[in-house]
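In what follows, a single structure is set out as structure tokens and then discussed.
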Amino acid sequence: MSDHDLQLEEKPELAPGPERPFDAGSEALTEALRSSFWIVKIVMFLLLIVFLGSGFFTVEPQEQAMIIRLGRPVGEGQKALLGPGLHWSFPYPIDEYVKVPISAIQRVGSTVGWYATTPEQEQAGTEEASLPVQFPLNPLIDGYVLTADRNIVHTRATLTYHISDPVAYVFNFVNASNAVQSALDNALIYAATQFKVDDILTRDVAGFKEAVRKRVVDLVGQQNLGVEVEECLVQSRPPRQLKDAFDSVLKAALARQKVLEDAHSYEAQVSSKAGADARSLVNFAESDRSRLVNEVRSQADRFNDLLPKFRQNPSLFVQQRLTETLGRVLTNAQEKIFVTDGNGGGAAGLPKEFRVLLNREPPKKSDETKP
Amino acid sequence: MKRNPLILAIGILLVAIVCLLLFVFQVRKSEVVVVTTFGKPTRDISQPGPHPKWPWPIESVHRFDQRVQNFEDKLTEGLTQDSFNVLASVYVGWDITDPKAFFPKFAGSSEPIAEAEKVMDRMLSNAKAAVIGKHPLVDFLAPNEGNKFAEIEKEILEVMQSQVKANNYGLKIEFLGIKRLGLPENVTASVFERMQAERKRLADKSQFEGEAEAQTIRAEADRKAAVVLADAGAQATAIRGKGEAEAAKSLTVFQQNPELANFIFRLSALEDSLKDKSTLILDQQTPPFDLFRGVSTNLTNPAR
């Protein structure tokens with residue numbers, strides 16, 4: 001087309017030609033035509049280079065690309081995927097290329113189940129502020145989930161995944177990440193309907209998380225979204241209206257633990273004391289036993305020693321032992337009062353009477369402390 | 001004037017391109033195409049690649065996205081079998097499967113996809129209400145075994161699929177799931193009140209149970225201690241008894257002369273009892289103080 005235009009442009013110059021000398025005019029015309037053809041050729045060549053050069057594109061390390069030639073992807077399955085680097089395709093309308101962020105981790109958050117907050121509130125930590133119990137939840141504003149025991153609880157999930165089948169991800173879904181998000185939302189409320197409120201919040205947090213994850217993986221697989229779930233994080237919280245009530249249950253549980261610990265320490269104390277007492281009882285008995293046995297045995301030995309002497313002269317023996325013993329006893333005795341009988345004094349017929357003032361010495365300790 | 005062969009070649013190429021643009025069209029993998037001849041749909045093509053056609057105005061090409069569309073409906077209220085109000089919204093993945101059927105119904109508007117979704121929205125409201133009405137609330141909310149959540153989703157999907165088929169919309173619901181499940185706003189407040197009462201009950205229960213359990217532990221500890229002590233007491237008695245029995249064996253020695261034994265016992269008892277500070281009051285009868293009486297001792301008689 002452009003060469004026609006150029007030819008037309010030359011015509012006005014050609015028109016006033018006949019008045020000029022023919023030779024010089026035609027020569028100049030040929031010269032002009034030749035040079036303009038050269039310019040046209042160079043421009044066309046440059047255009048061709050630019051046209052072909054526009055088919056170059058780079059693929060970043062975290063992405064892969066597919067070339068679509070006349071509407072069909074080039075290659076099948078994994079072969080269709082171009083790795084990182086420089087690639088070339090025919091320019092539109094022959095080829096098109098599509099980039100897919102394949103190795104990059106994608107992240108979606110659930111959109112149901114959490115009360116309305118703003119990022120500022122989350123930053124300041126005021127989104128948890130408790131509300132009066134009578135404050136209702138507007139289902140259009142505040143999200144929540146219903147639990148198996150018909151309670152209301154807030155929960156949200158974050159899912160990370162990567163694209164494992166880019167062909168399916170790109171060509172089977174208008175918006176595959178949206179479908180993943182819907183699957184996550186569905187998993188969240190589905191799992192919640194099977195768990196009791198205490199399980200979700202405290203008792204079986206891991207089980208709940210696993211249920212959510214399993215459901216997402218199932219749905220994503222059934223729907224052939226071409227993605228692989230990596231991680232699923234779930235966070236749950238009681239309604240702000242019931243914060244105090246839930247806290248009080250936690251507190252009661254802690255108090256209960258404390259009471260039980262006290263009881264267990266009492267148990268340990270009592271049982272160790274009982275053990276010690278029991279051992280000392282047995283030990284006392286053992287020592288009593290050995291003392292008794294030894295005593296009797298020593299007496300028996302002594303008896304055996306004395307028996308022959310006694311047999312020689314019983315009466316003398318008895319007297320001797322008695323006197324000897326009495327002598328020893330009297331030496332040891334601190335105070336001795338000797339009472340003579342007969343008519344020592346007092347009125348006739350009256351029994352003798354004497355009075356003793358017993359005054360024990362103070363314990364010896366006082367002597368020791370004196371100096 | 002001589003013609004440059006290069007220019008000729010370029011000219012032919014350009015004509016060829018123009019012809020191709022007029023007589024050939026592309027179908028992308030993600031698209032499905034309906035070709036109309038003088039406005040009447042005659043062919044539908046879902047095979048990607050280049051395809052021939054007559055130029056406008058004989059045939060014209062209508063493209064539709066063949067991929068799965070995401071669609072979410074609004075939150076609507078339904079009454080369960082046991083008369084609970086439940087709010088539910090669902091998400092739907094759908095795609096165009098029969099473009100020739102789809103085309104005449106929706107292509108009239110500028111946004112055929114949105115038009116189709118509007119129709120689906122109406123059908124979904126009915127389907128949800130119908131299915132929710134067939135189930136009591138316990139089918140939605142129940143621990144693992146009784147939970148029919150997945151069945152409910154499946155039933156809604158079946159209702160939708162049969163309606164779509166009956167109306168021959170040329171589209172297919174690929175998947176459907178409940179996206180939100182809630183209660184009417186005024187009901188939530190009463191749920192909170194119930195939950196609060198339940199929390200209070202749990203807190204009280206926890207406290208009472210803790211105290212009761214602690215008491216049991218203490219009582220059990222006391223009982224065990226008593227048992228241990230009683231056992232030890234019995235053992236001690238047994239040991240003492242054994243000791244006495246052992247001692248009794250030695251007693252046979254004393255039977256050789258009980259009189260002497262008795263004498264010895266009494267002597268040692270006497271000595272033991274007067275070991276410490278003690279006061280003795282004696283009279284002349286007691287030997288050896290009978291000497292004071294001035295009479296002859298027993299010795300005089302037997303000795304001589």
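Residue numbering restarts at 1 for every chain of the structure tokens, chains are lettered A, B, ... in their displayed order, and ligands are numbered from 1 as they appear.
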>> Counting only C-alpha atoms, a student should be able to say which residues of chain A come within 6 Å of chain B; what is the right answer, written as a ChimeraX atom specification?
In response: /A:70-72,134,136-138,148,171-174,185-186,193-195,245,249,252-253,256,260,263,267,271,274,278,282,285,289,293,296,333-340
Expected file: the selected residues, N, CA and C atoms, as a compact mmCIF listing (two decimals), in the first residue's frame:
```txt
# COMPACT_ATOMS: atom_id res chain seq x y z
N LEU A 70 -2.36 -19.88 16.79
CA LEU A 70 -3.67 -19.94 16.14
C LEU A 70 -4.73 -20.54 17.07
N GLY A 71 -4.61 -20.19 18.35
CA GLY A 71 -5.64 -20.61 19.29
C GLY A 71 -5.33 -21.89 20.02
N ARG A 72 -4.38 -22.66 19.52
CA ARG A 72 -4.08 -23.94 20.16
C ARG A 72 -2.78 -23.82 20.95
N GLN A 134 -26.27 -8.29 73.67
CA GLN A 134 -27.49 -8.08 72.87
C GLN A 134 -27.17 -7.60 71.47
N PRO A 136 -26.51 -7.71 67.89
CA PRO A 136 -26.65 -8.80 66.92
C PRO A 136 -25.58 -8.72 65.83
N LEU A 137 -25.42 -9.81 65.12
CA LEU A 137 -24.50 -9.84 63.99
C LEU A 137 -25.30 -9.71 62.71
N ASN A 138 -24.97 -8.73 61.92
CA ASN A 138 -25.64 -8.59 60.63
C ASN A 138 -24.93 -9.49 59.63
N ALA A 148 -21.41 -27.25 65.14
CA ALA A 148 -22.26 -28.43 65.26
C ALA A 148 -23.22 -28.31 66.43
N PHE A 171 -6.78 -22.52 31.13
CA PHE A 171 -7.76 -22.72 30.05
C PHE A 171 -9.08 -23.29 30.51
N ASN A 172 -9.14 -23.78 31.75
CA ASN A 172 -10.41 -24.35 32.19
C ASN A 172 -11.21 -23.41 33.09
N PHE A 173 -10.56 -22.36 33.58
CA PHE A 173 -11.25 -21.50 34.53
C PHE A 173 -11.07 -20.05 34.17
N VAL A 174 -12.16 -19.31 34.27
CA VAL A 174 -12.08 -17.87 34.03
C VAL A 174 -11.23 -17.25 35.12
N ASP A 185 -13.69 -21.08 51.44
CA ASP A 185 -14.84 -20.62 52.22
C ASP A 185 -15.77 -21.77 52.54
N ASN A 186 -16.03 -22.58 51.52
CA ASN A 186 -16.91 -23.71 51.71
C ASN A 186 -16.33 -24.68 52.73
N THR A 193 -19.50 -26.91 60.72
CA THR A 193 -20.77 -27.55 61.06
C THR A 193 -20.54 -28.93 61.67
N GLN A 194 -19.32 -29.43 61.63
CA GLN A 194 -19.07 -30.75 62.19
C GLN A 194 -18.37 -30.70 63.54
N PHE A 195 -17.94 -29.51 63.94
CA PHE A 195 -17.19 -29.40 65.20
C PHE A 195 -17.98 -28.59 66.21
N ALA A 245 -17.48 -14.09 78.70
CA ALA A 245 -18.03 -15.39 79.08
C ALA A 245 -17.04 -16.50 78.76
N VAL A 249 -14.73 -19.09 81.39
CA VAL A 249 -14.61 -20.55 81.33
C VAL A 249 -13.15 -20.96 81.38
N ALA A 252 -11.94 -20.54 84.84
CA ALA A 252 -12.43 -21.62 85.70
C ALA A 252 -11.62 -22.89 85.47
N ALA A 253 -11.28 -23.13 84.23
CA ALA A 253 -10.49 -24.33 83.93
C ALA A 253 -9.11 -24.24 84.58
N ARG A 256 -9.48 -24.72 88.26
CA ARG A 256 -9.71 -26.13 88.52
C ARG A 256 -8.37 -26.89 88.52
N LEU A 260 -6.73 -28.92 91.62
CA LEU A 260 -6.31 -30.32 91.47
C LEU A 260 -4.83 -30.49 91.82
N ALA A 263 -4.49 -30.52 95.46
CA ALA A 263 -4.92 -31.81 96.00
C ALA A 263 -3.85 -32.86 95.78
N GLU A 267 -1.80 -34.98 98.45
CA GLU A 267 -1.75 -36.44 98.36
C GLU A 267 -0.30 -36.93 98.53
N SER A 271 0.99 -39.10 101.65
CA SER A 271 1.46 -40.46 101.42
C SER A 271 2.91 -40.61 101.87
N ALA A 274 2.85 -40.73 105.66
CA ALA A 274 2.35 -42.02 106.12
C ALA A 274 3.43 -43.08 105.97
N ALA A 278 4.98 -45.10 109.01
CA ALA A 278 4.89 -46.56 109.00
C ALA A 278 6.26 -47.18 109.22
N VAL A 282 7.48 -49.55 112.37
CA VAL A 282 8.09 -50.88 112.20
C VAL A 282 9.47 -50.90 112.84
N ALA A 285 9.23 -51.18 116.50
CA ALA A 285 8.88 -52.55 116.86
C ALA A 285 10.11 -53.45 116.77
N ARG A 289 11.75 -55.35 119.77
CA ARG A 289 11.92 -56.80 119.71
C ARG A 289 13.35 -57.20 120.06
N VAL A 293 14.51 -59.32 123.31
CA VAL A 293 15.18 -60.60 123.14
C VAL A 293 16.55 -60.57 123.81
N VAL A 296 16.25 -60.54 127.67
CA VAL A 296 15.90 -61.85 128.22
C VAL A 296 17.08 -62.79 128.11
N ALA A 333 20.92 -44.07 146.13
CA ALA A 333 19.77 -43.27 146.54
C ALA A 333 20.26 -41.96 147.12
N GLN A 334 19.57 -40.88 146.79
CA GLN A 334 20.07 -39.56 147.16
C GLN A 334 19.74 -39.23 148.61
N GLU A 335 18.52 -39.53 148.94
CA GLU A 335 18.13 -39.21 150.30
C GLU A 335 17.68 -40.49 150.97
N LYS A 336 18.11 -40.63 152.15
CA LYS A 336 17.73 -41.84 152.90
C LYS A 336 17.17 -41.41 154.24
N ILE A 337 16.06 -41.91 154.57
CA ILE A 337 15.47 -41.57 155.86
C ILE A 337 15.30 -42.88 156.60
N PHE A 338 15.86 -42.89 157.71
CA PHE A 338 15.84 -44.14 158.47
C PHE A 338 14.87 -44.00 159.63
N VAL A 339 14.00 -44.90 159.70
CA VAL A 339 12.97 -44.82 160.77
C VAL A 339 13.19 -45.99 161.74
N THR A 340 13.38 -45.64 162.92
CA THR A 340 13.49 -46.72 163.92
C THR A 340 12.11 -47.06 164.40
```
> Skipping near chain neighbours, those fewer than 4 positions away, what residues fall within 9 Å of B:Ile156 using only C-alpha atoms, listed as a ChimeraX atom specification?
Replying inline: /B:124,127-128,130-132,151-152,160-161,176-177
>> Please extract the residues of stretch 18-210 of chain A with a backbone DSSP assignment of strand (DSSP E) and present them as a VMD selection string.
In response: chain A and resid 56 to 59 64 to 69 72 to 73 85 to 88 95 to 100 106 to 109 145 to 146 152 to 163
>> For the structure I just gave you, how does DSSP split stretch 3-191 of chain B - specifically, which residues are helix (DSSP H, G or I)? Reply as number ranges by chain.
In response: B: 5-23, 99-106, 112-133, 137-140, 144-146, 149-167, 185-191
